[in-house]
>>> print(open('final_1.txt').read())   # compact mmCIF, N, CA, C and O atoms
# COMPACT_ATOMS: atom_id res chain seq x y z
N MET A 465 117.67 17.94 159.69
CA MET A 465 117.09 19.22 159.28
C MET A 465 116.84 19.22 157.77
O MET A 465 117.63 18.70 157.00
N VAL A 466 115.73 19.80 157.38
CA VAL A 466 115.38 19.92 155.97
C VAL A 466 116.43 20.79 155.28
O VAL A 466 116.87 21.81 155.80
N GLN A 467 116.82 20.38 154.09
CA GLN A 467 117.73 21.16 153.24
C GLN A 467 117.03 21.40 151.91
O GLN A 467 116.21 20.58 151.48
N ALA A 468 117.38 22.50 151.28
CA ALA A 468 116.84 22.79 149.95
C ALA A 468 117.97 23.26 149.06
O ALA A 468 119.00 23.75 149.54
N THR A 469 117.80 23.10 147.78
CA THR A 469 118.66 23.74 146.80
C THR A 469 117.75 24.62 145.94
O THR A 469 116.60 24.26 145.67
N ALA A 470 118.28 25.76 145.57
CA ALA A 470 117.47 26.70 144.80
C ALA A 470 118.38 27.57 143.94
O ALA A 470 119.60 27.63 144.15
N ARG A 471 117.77 28.22 143.00
CA ARG A 471 118.47 29.25 142.23
C ARG A 471 117.59 30.48 142.23
O ARG A 471 116.37 30.40 142.43
N HIS A 472 118.20 31.61 142.03
CA HIS A 472 117.43 32.86 142.04
C HIS A 472 118.11 33.88 141.16
O HIS A 472 119.25 33.73 140.74
N LEU A 473 117.38 34.91 140.87
CA LEU A 473 117.97 36.11 140.29
C LEU A 473 117.41 37.30 141.04
O LEU A 473 116.31 37.25 141.56
N LEU A 474 118.23 38.32 141.14
CA LEU A 474 117.92 39.50 141.94
C LEU A 474 118.04 40.74 141.08
O LEU A 474 119.06 40.95 140.42
N VAL A 475 116.98 41.54 141.08
CA VAL A 475 116.98 42.82 140.36
C VAL A 475 116.41 43.90 141.28
O VAL A 475 115.84 43.61 142.32
N SER A 476 116.55 45.15 140.87
CA SER A 476 116.17 46.26 141.75
C SER A 476 114.71 46.67 141.64
O SER A 476 114.21 47.35 142.52
N SER A 477 114.00 46.26 140.58
CA SER A 477 112.61 46.71 140.44
C SER A 477 111.66 45.55 140.22
O SER A 477 112.01 44.53 139.60
N GLU A 478 110.45 45.71 140.75
CA GLU A 478 109.42 44.69 140.57
C GLU A 478 109.06 44.54 139.09
O GLU A 478 108.82 43.43 138.61
N GLU A 479 109.07 45.65 138.35
CA GLU A 479 108.73 45.60 136.94
C GLU A 479 109.73 44.75 136.16
O GLU A 479 109.34 43.93 135.32
N GLN A 480 111.02 44.94 136.42
CA GLN A 480 112.03 44.14 135.73
C GLN A 480 111.88 42.66 136.12
O GLN A 480 111.99 41.77 135.28
N CYS A 481 111.60 42.42 137.39
CA CYS A 481 111.42 41.05 137.87
C CYS A 481 110.25 40.38 137.14
O CYS A 481 110.37 39.24 136.68
N GLN A 482 109.13 41.09 137.01
CA GLN A 482 107.97 40.55 136.30
C GLN A 482 108.30 40.28 134.83
O GLN A 482 107.88 39.25 134.28
N ALA A 483 109.03 41.19 134.22
CA ALA A 483 109.38 41.02 132.80
C ALA A 483 110.27 39.79 132.61
O ALA A 483 110.08 39.01 131.66
N LEU A 484 111.23 39.58 133.52
CA LEU A 484 112.10 38.41 133.42
C LEU A 484 111.32 37.13 133.68
O LEU A 484 111.54 36.11 133.01
N LYS A 485 110.38 37.17 134.62
CA LYS A 485 109.55 35.99 134.88
C LYS A 485 108.76 35.63 133.63
O LYS A 485 108.65 34.45 133.28
N GLN A 486 108.21 36.62 132.96
CA GLN A 486 107.45 36.35 131.73
C GLN A 486 108.35 35.74 130.66
O GLN A 486 107.94 34.82 129.95
N GLN A 487 109.60 36.20 130.57
CA GLN A 487 110.53 35.61 129.61
C GLN A 487 110.77 34.13 129.92
O GLN A 487 110.83 33.30 129.01
N ILE A 488 110.88 33.80 131.20
CA ILE A 488 111.08 32.40 131.59
C ILE A 488 109.84 31.58 131.26
O ILE A 488 109.94 30.49 130.69
N ILE A 489 108.67 32.12 131.56
CA ILE A 489 107.41 31.44 131.22
C ILE A 489 107.33 31.19 129.71
O ILE A 489 106.87 30.14 129.26
N ASP A 490 107.84 32.14 128.94
CA ASP A 490 107.81 32.04 127.48
C ASP A 490 108.92 31.16 126.93
O ASP A 490 109.06 31.03 125.72
N GLY A 491 109.76 30.60 127.82
CA GLY A 491 110.76 29.64 127.36
C GLY A 491 112.21 30.04 127.52
O GLY A 491 113.11 29.26 127.18
N ALA A 492 112.49 31.24 128.01
CA ALA A 492 113.88 31.66 128.21
C ALA A 492 114.53 30.82 129.31
O ALA A 492 113.86 30.33 130.21
N ASP A 493 115.82 30.65 129.23
CA ASP A 493 116.58 29.87 130.20
C ASP A 493 116.84 30.67 131.47
O ASP A 493 117.44 31.75 131.40
N PHE A 494 116.42 30.14 132.61
CA PHE A 494 116.60 30.83 133.90
C PHE A 494 118.06 31.17 134.13
O PHE A 494 118.40 32.31 134.49
N ALA A 495 118.95 30.21 133.96
CA ALA A 495 120.38 30.43 134.23
C ALA A 495 120.95 31.53 133.34
O ALA A 495 121.73 32.37 133.80
N HIS A 496 120.56 31.54 132.08
CA HIS A 496 121.05 32.58 131.16
C HIS A 496 120.59 33.96 131.62
O HIS A 496 121.39 34.91 131.65
N LEU A 497 119.32 34.08 132.00
CA LEU A 497 118.81 35.37 132.47
C LEU A 497 119.48 35.79 133.77
O LEU A 497 119.77 36.97 133.98
N ALA A 498 119.74 34.84 134.67
CA ALA A 498 120.43 35.16 135.92
C ALA A 498 121.83 35.70 135.63
O ALA A 498 122.25 36.69 136.23
N ARG A 499 122.55 35.04 134.72
CA ARG A 499 123.90 35.53 134.37
C ARG A 499 123.85 36.93 133.77
O ARG A 499 124.72 37.75 134.02
N ALA A 500 122.82 37.20 132.98
CA ALA A 500 122.73 38.48 132.27
C ALA A 500 122.19 39.61 133.14
O ALA A 500 122.56 40.77 132.94
N HIS A 501 121.31 39.31 134.11
CA HIS A 501 120.59 40.38 134.79
C HIS A 501 120.72 40.44 136.30
O HIS A 501 120.44 41.48 136.90
N SER A 502 121.09 39.33 136.96
CA SER A 502 121.07 39.31 138.42
C SER A 502 122.18 40.17 139.01
O SER A 502 123.32 40.12 138.56
N SER A 503 121.83 40.93 140.05
CA SER A 503 122.83 41.74 140.75
C SER A 503 123.50 40.97 141.88
O SER A 503 124.40 41.49 142.54
N CYS A 504 123.08 39.73 142.11
CA CYS A 504 123.70 38.88 143.14
C CYS A 504 124.93 38.19 142.55
O CYS A 504 124.90 37.79 141.38
N PRO A 505 125.98 38.02 143.33
CA PRO A 505 127.16 37.29 142.83
C PRO A 505 126.83 35.89 142.32
O PRO A 505 127.53 35.37 141.46
N SER A 506 125.74 35.29 142.81
CA SER A 506 125.36 33.96 142.35
C SER A 506 124.96 33.96 140.87
O SER A 506 124.91 32.91 140.24
N GLY A 507 124.68 35.13 140.32
CA GLY A 507 124.32 35.22 138.91
C GLY A 507 125.37 34.61 138.01
O GLY A 507 125.05 34.02 136.98
N ALA A 508 126.64 34.71 138.40
CA ALA A 508 127.73 34.13 137.61
C ALA A 508 127.60 32.62 137.49
O ALA A 508 128.09 32.02 136.54
N GLN A 509 126.93 31.99 138.45
CA GLN A 509 126.69 30.54 138.42
C GLN A 509 125.26 30.23 137.96
O GLN A 509 124.70 29.19 138.31
N GLY A 510 124.67 31.14 137.23
CA GLY A 510 123.30 30.92 136.76
C GLY A 510 122.27 31.03 137.86
O GLY A 510 121.17 30.55 137.74
N GLY A 511 122.66 31.68 138.97
CA GLY A 511 121.75 31.89 140.08
C GLY A 511 121.76 30.77 141.11
O GLY A 511 121.01 30.83 142.09
N GLU A 512 122.60 29.76 140.91
CA GLU A 512 122.63 28.61 141.83
C GLU A 512 123.10 29.05 143.21
O GLU A 512 124.14 29.69 143.36
N LEU A 513 122.33 28.68 144.23
CA LEU A 513 122.66 29.01 145.62
C LEU A 513 123.21 27.84 146.40
O LEU A 513 123.62 27.99 147.54
N GLY A 514 123.19 26.66 145.83
CA GLY A 514 123.65 25.48 146.54
C GLY A 514 122.62 25.02 147.56
O GLY A 514 121.44 25.35 147.47
N SER A 515 123.08 24.27 148.55
CA SER A 515 122.21 23.68 149.55
C SER A 515 122.22 24.51 150.83
O SER A 515 123.27 24.98 151.26
N PHE A 516 121.04 24.66 151.44
CA PHE A 516 120.94 25.44 152.68
C PHE A 516 119.72 25.00 153.45
O PHE A 516 118.81 24.38 152.91
N GLY A 517 119.71 25.33 154.73
CA GLY A 517 118.60 24.96 155.62
C GLY A 517 117.80 26.18 156.01
O GLY A 517 118.16 27.32 155.72
N PRO A 518 116.68 25.95 156.71
CA PRO A 518 115.85 27.05 157.19
C PRO A 518 116.65 28.01 158.07
O PRO A 518 117.50 27.58 158.85
N GLY A 519 116.40 29.29 157.90
CA GLY A 519 117.06 30.30 158.70
C GLY A 519 118.38 30.79 158.14
O GLY A 519 118.97 31.74 158.67
N MET A 520 118.86 30.17 157.07
CA MET A 520 120.13 30.60 156.48
C MET A 520 119.96 31.75 155.49
O MET A 520 120.93 32.41 155.13
N MET A 521 118.74 31.96 155.05
CA MET A 521 118.42 33.05 154.12
C MET A 521 117.43 33.99 154.83
O MET A 521 116.89 33.65 155.87
N VAL A 522 117.19 35.15 154.23
CA VAL A 522 116.24 36.07 154.83
C VAL A 522 114.85 35.44 154.88
O VAL A 522 114.52 34.55 154.10
N ARG A 523 114.02 35.88 155.82
CA ARG A 523 112.71 35.29 156.10
C ARG A 523 111.83 35.16 154.85
O ARG A 523 111.24 34.11 154.59
N GLU A 524 111.74 36.22 154.05
CA GLU A 524 110.87 36.20 152.87
C GLU A 524 111.31 35.11 151.89
O GLU A 524 110.49 34.46 151.24
N PHE A 525 112.60 34.94 151.79
CA PHE A 525 113.19 33.94 150.91
C PHE A 525 112.86 32.55 151.45
O PHE A 525 112.39 31.67 150.72
N ASP A 526 113.12 32.34 152.74
CA ASP A 526 112.85 31.05 153.38
C ASP A 526 111.40 30.62 153.22
O ASP A 526 111.11 29.45 152.97
N GLU A 527 110.48 31.56 153.40
CA GLU A 527 109.05 31.22 153.33
C GLU A 527 108.70 30.61 151.99
O GLU A 527 107.89 29.69 151.91
N VAL A 528 109.30 31.11 150.92
CA VAL A 528 109.03 30.57 149.59
C VAL A 528 109.79 29.25 149.38
O VAL A 528 109.21 28.25 148.96
N VAL A 529 111.06 29.25 149.71
CA VAL A 529 111.90 28.08 149.43
C VAL A 529 111.40 26.82 150.13
O VAL A 529 111.44 25.73 149.57
N PHE A 530 110.89 26.97 151.35
CA PHE A 530 110.48 25.79 152.09
C PHE A 530 108.99 25.49 152.01
O PHE A 530 108.48 24.66 152.74
N SER A 531 108.29 26.13 151.06
CA SER A 531 106.87 25.83 150.87
C SER A 531 106.46 25.72 149.40
O SER A 531 105.47 25.07 149.10
N ALA A 532 107.18 26.33 148.49
CA ALA A 532 106.76 26.38 147.08
C ALA A 532 106.98 25.03 146.39
O ALA A 532 107.85 24.25 146.78
N PRO A 533 106.20 24.77 145.36
CA PRO A 533 106.41 23.56 144.56
C PRO A 533 107.80 23.58 143.92
O PRO A 533 108.34 24.65 143.62
N LEU A 534 108.36 22.40 143.72
CA LEU A 534 109.67 22.29 143.08
C LEU A 534 109.60 22.66 141.61
O LEU A 534 108.59 22.42 140.94
N ASN A 535 110.69 23.23 141.11
CA ASN A 535 110.90 23.50 139.69
C ASN A 535 109.85 24.40 139.06
O ASN A 535 109.56 24.28 137.88
N GLN A 536 109.29 25.31 139.87
CA GLN A 536 108.38 26.33 139.35
C GLN A 536 108.90 27.69 139.79
O GLN A 536 109.22 27.89 140.97
N VAL A 537 108.97 28.63 138.87
CA VAL A 537 109.49 29.96 139.19
C VAL A 537 108.50 30.70 140.07
O VAL A 537 107.31 30.78 139.76
N GLN A 538 108.98 31.21 141.18
CA GLN A 538 108.19 31.96 142.15
C GLN A 538 108.67 33.40 142.17
O GLN A 538 109.85 33.67 142.03
N GLY A 539 107.76 34.31 142.42
CA GLY A 539 108.15 35.70 142.56
C GLY A 539 107.31 36.60 141.68
O GLY A 539 106.44 36.13 140.96
N PRO A 540 107.59 37.87 141.78
CA PRO A 540 108.67 38.51 142.53
C PRO A 540 108.49 38.37 144.06
O PRO A 540 107.38 38.44 144.56
N VAL A 541 109.60 38.13 144.73
CA VAL A 541 109.67 38.09 146.18
C VAL A 541 110.51 39.28 146.61
O VAL A 541 111.69 39.37 146.25
N LYS A 542 109.91 40.19 147.38
CA LYS A 542 110.62 41.40 147.80
C LYS A 542 111.35 41.13 149.11
O LYS A 542 110.78 40.59 150.06
N THR A 543 112.64 41.49 149.14
CA THR A 543 113.44 41.44 150.37
C THR A 543 114.17 42.77 150.49
O THR A 543 114.07 43.64 149.61
N GLN A 544 114.97 42.89 151.55
CA GLN A 544 115.75 44.12 151.72
C GLN A 544 116.76 44.31 150.58
O GLN A 544 117.27 45.40 150.39
N PHE A 545 117.04 43.26 149.81
CA PHE A 545 118.04 43.34 148.74
C PHE A 545 117.45 43.75 147.40
O PHE A 545 118.17 44.16 146.51
N GLY A 546 116.14 43.58 147.24
CA GLY A 546 115.50 43.88 145.97
C GLY A 546 114.40 42.87 145.69
O GLY A 546 113.76 42.36 146.60
N TYR A 547 114.23 42.54 144.41
CA TYR A 547 113.17 41.63 143.97
C TYR A 547 113.80 40.37 143.38
O TYR A 547 114.66 40.45 142.51
N HIS A 548 113.33 39.23 143.86
CA HIS A 548 113.89 37.95 143.47
C HIS A 548 112.89 37.13 142.67
O HIS A 548 111.69 37.17 142.94
N LEU A 549 113.41 36.36 141.73
CA LEU A 549 112.71 35.21 141.19
C LEU A 549 113.42 34.01 141.78
O LEU A 549 114.65 33.97 141.80
N LEU A 550 112.66 33.04 142.28
CA LEU A 550 113.21 31.87 142.93
C LEU A 550 112.71 30.61 142.23
O LEU A 550 111.56 30.55 141.81
N GLU A 551 113.58 29.62 142.18
CA GLU A 551 113.15 28.31 141.73
C GLU A 551 113.79 27.28 142.66
O GLU A 551 115.02 27.19 142.74
N VAL A 552 112.95 26.55 143.38
CA VAL A 552 113.42 25.50 144.27
C VAL A 552 113.70 24.28 143.42
O VAL A 552 112.82 23.78 142.72
N THR A 553 114.94 23.77 143.47
CA THR A 553 115.31 22.64 142.63
C THR A 553 115.29 21.32 143.37
O THR A 553 115.18 20.27 142.76
N SER A 554 115.39 21.35 144.71
CA SER A 554 115.21 20.14 145.52
C SER A 554 114.94 20.52 146.97
O SER A 554 115.30 21.62 147.41
N ARG A 555 114.33 19.59 147.68
CA ARG A 555 114.06 19.84 149.11
C ARG A 555 113.90 18.47 149.75
O ARG A 555 113.22 17.60 149.22
N GLY A 556 114.53 18.31 150.88
CA GLY A 556 114.37 17.02 151.56
C GLY A 556 115.17 16.94 152.83
O GLY A 556 115.83 17.84 153.25
>>> encode(input="final_1.txt", output="structure tokens")
Amino acid sequence: MVQATARHLLVSSEEQCQALKQQIIDGADFAHLARAHSSCPSGAQGGELGSFGPGMMVREFDEVVFSAPLNQVQGPVKTQFGYHLLEVTSRG
């Protein structure tokens, strides 16, 4: 089964998500922003989610993680939890 590793940050508004994405595009460190802003417990680890397979995350998340280019910030991705920025760090 395909496995992926990814990191993410989760915020409550699309506007905040877009602003954080722009900061990353402008050179800010993803892990630092995740620790500072993410409402997910993974924020304490810089947003690292570890390794997981298809179906282990919500559908919207899976669709991005198993199709997006590696090491490029994706989002905002809206789920029942809020708005995510995702970065797939490996897949295979």
>>> residues_near_point(input="final_1.txt", point="(119.4, 24.3, 148.9)", cutoff="6 Å", atoms="all atoms listed in the file", output="list in words")
Gln467, Ala468, Thr469, Ala470, Leu513, Gly514, Ser515, Phe516, Gly517 and Ser554 of chain A
>>> write_last_selection(input="final_1.txt", atoms="N, CA, C and O atoms", output="PDB file, keeping the file's coordinate frame")
ATOM      1  N   GLN A 467     116.820  20.380 154.090  1.00  0.00           N
ATOM      2  CA  GLN A 467     117.730  21.160 153.240  1.00  0.00           C
ATOM      3  C   GLN A 467     117.030  21.400 151.910  1.00  0.00           C
ATOM      4  O   GLN A 467     116.210  20.580 151.480  1.00  0.00           O
ATOM      5  N   ALA A 468     117.380  22.500 151.280  1.00  0.00           N
ATOM      6  CA  ALA A 468     116.840  22.790 149.950  1.00  0.00           C
ATOM      7  C   ALA A 468     117.970  23.260 149.060  1.00  0.00           C
ATOM      8  O   ALA A 468     119.000  23.750 149.540  1.00  0.00           O
ATOM      9  N   THR A 469     117.800  23.100 147.780  1.00  0.00           N
ATOM     10  CA  THR A 469     118.660  23.740 146.800  1.00  0.00           C
ATOM     11  C   THR A 469     117.750  24.620 145.940  1.00  0.00           C
ATOM     12  O   THR A 469     116.600  24.260 145.670  1.00  0.00           O
ATOM     13  N   ALA A 470     118.280  25.760 145.570  1.00  0.00           N
ATOM     14  CA  ALA A 470     117.470  26.700 144.800  1.00  0.00           C
ATOM     15  C   ALA A 470     118.380  27.570 143.940  1.00  0.00           C
ATOM     16  O   ALA A 470     119.600  27.630 144.150  1.00  0.00           O
ATOM     17  N   LEU A 513     122.330  28.680 144.230  1.00  0.00           N
ATOM     18  CA  LEU A 513     122.660  29.010 145.620  1.00  0.00           C
ATOM     19  C   LEU A 513     123.210  27.840 146.400  1.00  0.00           C
ATOM     20  O   LEU A 513     123.620  27.990 147.540  1.00  0.00           O
ATOM     21  N   GLY A 514     123.190  26.660 145.830  1.00  0.00           N
ATOM     22  CA  GLY A 514     123.650  25.480 146.540  1.00  0.00           C
ATOM     23  C   GLY A 514     122.620  25.020 147.560  1.00  0.00           C
ATOM     24  O   GLY A 514     121.440  25.350 147.470  1.00  0.00           O
ATOM     25  N   SER A 515     123.080  24.270 148.550  1.00  0.00           N
ATOM     26  CA  SER A 515     122.210  23.680 149.550  1.00  0.00           C
ATOM     27  C   SER A 515     122.220  24.510 150.830  1.00  0.00           C
ATOM     28  O   SER A 515     123.270  24.980 151.260  1.00  0.00           O
ATOM     29  N   PHE A 516     121.040  24.660 151.440  1.00  0.00           N
ATOM     30  CA  PHE A 516     120.940  25.440 152.680  1.00  0.00           C
ATOM     31  C   PHE A 516     119.720  25.000 153.450  1.00  0.00           C
ATOM     32  O   PHE A 516     118.810  24.380 152.910  1.00  0.00           O
ATOM     33  N   GLY A 517     119.710  25.330 154.730  1.00  0.00           N
ATOM     34  CA  GLY A 517     118.600  24.960 155.620  1.00  0.00           C
ATOM     35  C   GLY A 517     117.800  26.180 156.010  1.00  0.00           C
ATOM     36  O   GLY A 517     118.160  27.320 155.720  1.00  0.00           O
ATOM     37  N   SER A 554     115.390  21.350 144.710  1.00  0.00           N
ATOM     38  CA  SER A 554     115.210  20.140 145.520  1.00  0.00           C
ATOM     39  C   SER A 554     114.940  20.520 146.970  1.00  0.00           C
ATOM     40  O   SER A 554     115.300  21.620 147.410  1.00  0.00           O
TER      41      SER A 554
END
>>> residues_around(input="final_1.txt", residues="A:Val537", least_positions_apart="4", cutoff="7 Å", atoms="all atoms listed in the file", output="mmCIF file with N, CA, C and O atoms, in the frame of the given file")
data_model
loop_
_atom_site.group_PDB
_atom_site.id
_atom_site.type_symbol
_atom_site.label_atom_id
_atom_site.label_comp_id
_atom_site.auth_asym_id
_atom_site.auth_seq_id
_atom_site.Cartn_x
_atom_site.Cartn_y
_atom_site.Cartn_z
ATOM 1 N N PRO A 533 106.200 24.770 145.360
ATOM 2 C CA PRO A 533 106.410 23.560 144.560
ATOM 3 C C PRO A 533 107.800 23.580 143.920
ATOM 4 O O PRO A 533 108.340 24.650 143.620
ATOM 5 N N LEU A 549 113.410 36.360 141.730
ATOM 6 C CA LEU A 549 112.710 35.210 141.190
ATOM 7 C C LEU A 549 113.420 34.010 141.780
ATOM 8 O O LEU A 549 114.650 33.970 141.800
ATOM 9 N N LEU A 550 112.660 33.040 142.280
ATOM 10 C CA LEU A 550 113.210 31.870 142.930
ATOM 11 C C LEU A 550 112.710 30.610 142.230
ATOM 12 O O LEU A 550 111.560 30.550 141.810
ATOM 13 N N GLU A 551 113.580 29.620 142.180
ATOM 14 C CA GLU A 551 113.150 28.310 141.730
ATOM 15 C C GLU A 551 113.790 27.280 142.660
ATOM 16 O O GLU A 551 115.020 27.190 142.740
ATOM 17 N N VAL A 552 112.950 26.550 143.380
ATOM 18 C CA VAL A 552 113.420 25.500 144.270
ATOM 19 C C VAL A 552 113.700 24.280 143.420
ATOM 20 O O VAL A 552 112.820 23.780 142.720
#
>>> residues_around(input="final_1.txt", residues="stretch 519-525 of chain A", least_positions_apart="2", cutoff="8 Å", atoms="all atoms listed in the file", output="PyMOL selection string")
chain A and resi 466+516-517+527-532+541-544+550
>>> axis_aligned_box(input="final_1.txt", around="stretch 531-541 of chain A", padding_each_side="5 Å", output="AutoDock Vina command-line options")
--center_x 108.6 --center_y 30.8 --center_z 144.5 --size_x 16.2 --size_y 27.1 --size_z 23.2
>>> closest_residue(input="final_1.txt", among="A:His472, A:Lys485, A:Arg555, A:His548", to="A:Arg499", atoms="only C-alpha atoms")
A:His472
>>> closest_residue(input="final_1.txt", among="A:His501, A:Gln509, A:Thr553, A:Glu479", to="A:Asn535", atoms="all atoms listed in the file")
A:Thr553
>>> select_by_dssp(input="final_1.txt", residues="stretch 472-535 of chain A", states="strand (DSSP E)", output="mmCIF file with N, CA, C and O atoms, in the coordinates of the input")
data_model
loop_
_atom_site.group_PDB
_atom_site.id
_atom_site.type_symbol
_atom_site.label_atom_id
_atom_site.label_comp_id
_atom_site.auth_asym_id
_atom_site.auth_seq_id
_atom_site.Cartn_x
_atom_site.Cartn_y
_atom_site.Cartn_z
ATOM 1 N N HIS A 472 118.200 31.610 142.030
ATOM 2 C CA HIS A 472 117.430 32.860 142.040
ATOM 3 C C HIS A 472 118.110 33.880 141.160
ATOM 4 O O HIS A 472 119.250 33.730 140.740
ATOM 5 N N LEU A 473 117.380 34.910 140.870
ATOM 6 C CA LEU A 473 117.970 36.110 140.290
ATOM 7 C C LEU A 473 117.410 37.300 141.040
ATOM 8 O O LEU A 473 116.310 37.250 141.560
ATOM 9 N N LEU A 474 118.230 38.320 141.140
ATOM 10 C CA LEU A 474 117.920 39.500 141.940
ATOM 11 C C LEU A 474 118.040 40.740 141.080
ATOM 12 O O LEU A 474 119.060 40.950 140.420
ATOM 13 N N VAL A 475 116.980 41.540 141.080
ATOM 14 C CA VAL A 475 116.980 42.820 140.360
ATOM 15 C C VAL A 475 116.410 43.900 141.280
ATOM 16 O O VAL A 475 115.840 43.610 142.320
ATOM 17 N N GLU A 512 122.600 29.760 140.910
ATOM 18 C CA GLU A 512 122.630 28.610 141.830
ATOM 19 C C GLU A 512 123.100 29.050 143.210
ATOM 20 O O GLU A 512 124.140 29.690 143.360
ATOM 21 N N LEU A 513 122.330 28.680 144.230
ATOM 22 C CA LEU A 513 122.660 29.010 145.620
ATOM 23 C C LEU A 513 123.210 27.840 146.400
ATOM 24 O O LEU A 513 123.620 27.990 147.540
ATOM 25 N N GLY A 514 123.190 26.660 145.830
ATOM 26 C CA GLY A 514 123.650 25.480 146.540
ATOM 27 C C GLY A 514 122.620 25.020 147.560
ATOM 28 O O GLY A 514 121.440 25.350 147.470
ATOM 29 N N SER A 515 123.080 24.270 148.550
ATOM 30 C CA SER A 515 122.210 23.680 149.550
ATOM 31 C C SER A 515 122.220 24.510 150.830
ATOM 32 O O SER A 515 123.270 24.980 151.260
ATOM 33 N N PHE A 516 121.040 24.660 151.440
ATOM 34 C CA PHE A 516 120.940 25.440 152.680
ATOM 35 C C PHE A 516 119.720 25.000 153.450
ATOM 36 O O PHE A 516 118.810 24.380 152.910
#
>>> atom_distance(input="final_1.txt", atom1="atom CA of A:Phe494", atom2="atom C of A:Met465")
26.5 Å
>>> atom_distance(input="final_1.txt", atom1="atom CA of A:Leu484", atom2="atom CA of A:Leu497")
7.4 Å
>>> atom_distance(input="final_1.txt", atom1="atom CA of A:Gln538", atom2="atom N of A:Gly556")
17.4 Å
>>> select_by_dssp(input="final_1.txt", residues="chain A", states="helix (DSSP H, G or I)", output="NGL selection string")
:A and (478-489 or 494-501 or 505-509 or 523-529)
>>> closest_residue(input="final_1.txt", among="A:Ile489, A:Ala495, A:Gly511, A:Ser502", to="A:Ser477", atoms="only C-alpha atoms")
A:Ser502
>>> closest_residue(input="final_1.txt", among="A:Leu534, A:Asp526, A:Ala500, A:Ala508", to="A:Val475", atoms="only C-alpha atoms")
A:Ala500
>>> decode(input="final_1.txt", residues="stretch 549-554 of chain A", atoms="all heavy atoms", output="short mmCIF file (atom, residue, chain, number, x, y, z; two decimals), in the first residue's frame")
data_model
loop_
_atom_site.label_atom_id
_atom_site.label_comp_id
_atom_site.auth_asym_id
_atom_site.auth_seq_id
_atom_site.Cartn_x
_atom_site.Cartn_y
_atom_site.Cartn_z
N LEU A 549 -3.05 23.98 5.54
CA LEU A 549 -1.98 24.02 4.57
C LEU A 549 -1.28 22.69 4.70
O LEU A 549 -1.02 22.23 5.81
CB LEU A 549 -0.98 25.15 4.86
CG LEU A 549 -1.49 26.57 4.65
CD1 LEU A 549 -0.39 27.57 4.97
CD2 LEU A 549 -2.01 26.78 3.23
N LEU A 550 -1.00 22.04 3.58
CA LEU A 550 -0.39 20.73 3.56
C LEU A 550 0.90 20.76 2.75
O LEU A 550 0.98 21.45 1.73
CB LEU A 550 -1.30 19.70 2.88
CG LEU A 550 -2.73 19.59 3.35
CD1 LEU A 550 -3.53 18.72 2.39
CD2 LEU A 550 -2.76 18.96 4.72
N GLU A 551 1.86 19.98 3.20
CA GLU A 551 3.06 19.77 2.41
C GLU A 551 3.40 18.29 2.48
O GLU A 551 3.66 17.76 3.56
CB GLU A 551 4.22 20.61 2.93
CG GLU A 551 5.45 20.46 2.06
CD GLU A 551 6.61 21.30 2.54
OE1 GLU A 551 6.73 21.54 3.76
OE2 GLU A 551 7.43 21.70 1.70
N VAL A 552 3.35 17.63 1.33
CA VAL A 552 3.69 16.21 1.24
C VAL A 552 5.21 16.12 1.19
O VAL A 552 5.85 16.70 0.31
CB VAL A 552 3.08 15.56 -0.01
CG1 VAL A 552 3.37 14.06 -0.04
CG2 VAL A 552 1.58 15.81 -0.06
N THR A 553 5.81 15.39 2.14
CA THR A 553 7.27 15.31 2.20
C THR A 553 7.81 14.04 1.59
O THR A 553 8.97 13.99 1.21
CB THR A 553 7.76 15.50 3.65
OG1 THR A 553 7.05 14.58 4.51
CG2 THR A 553 7.48 16.92 4.14
N SER A 554 6.99 12.98 1.48
CA SER A 554 7.38 11.78 0.75
C SER A 554 6.15 10.95 0.42
O SER A 554 5.11 11.08 1.08
CB SER A 554 8.38 10.93 1.56
OG SER A 554 7.72 10.28 2.63
#
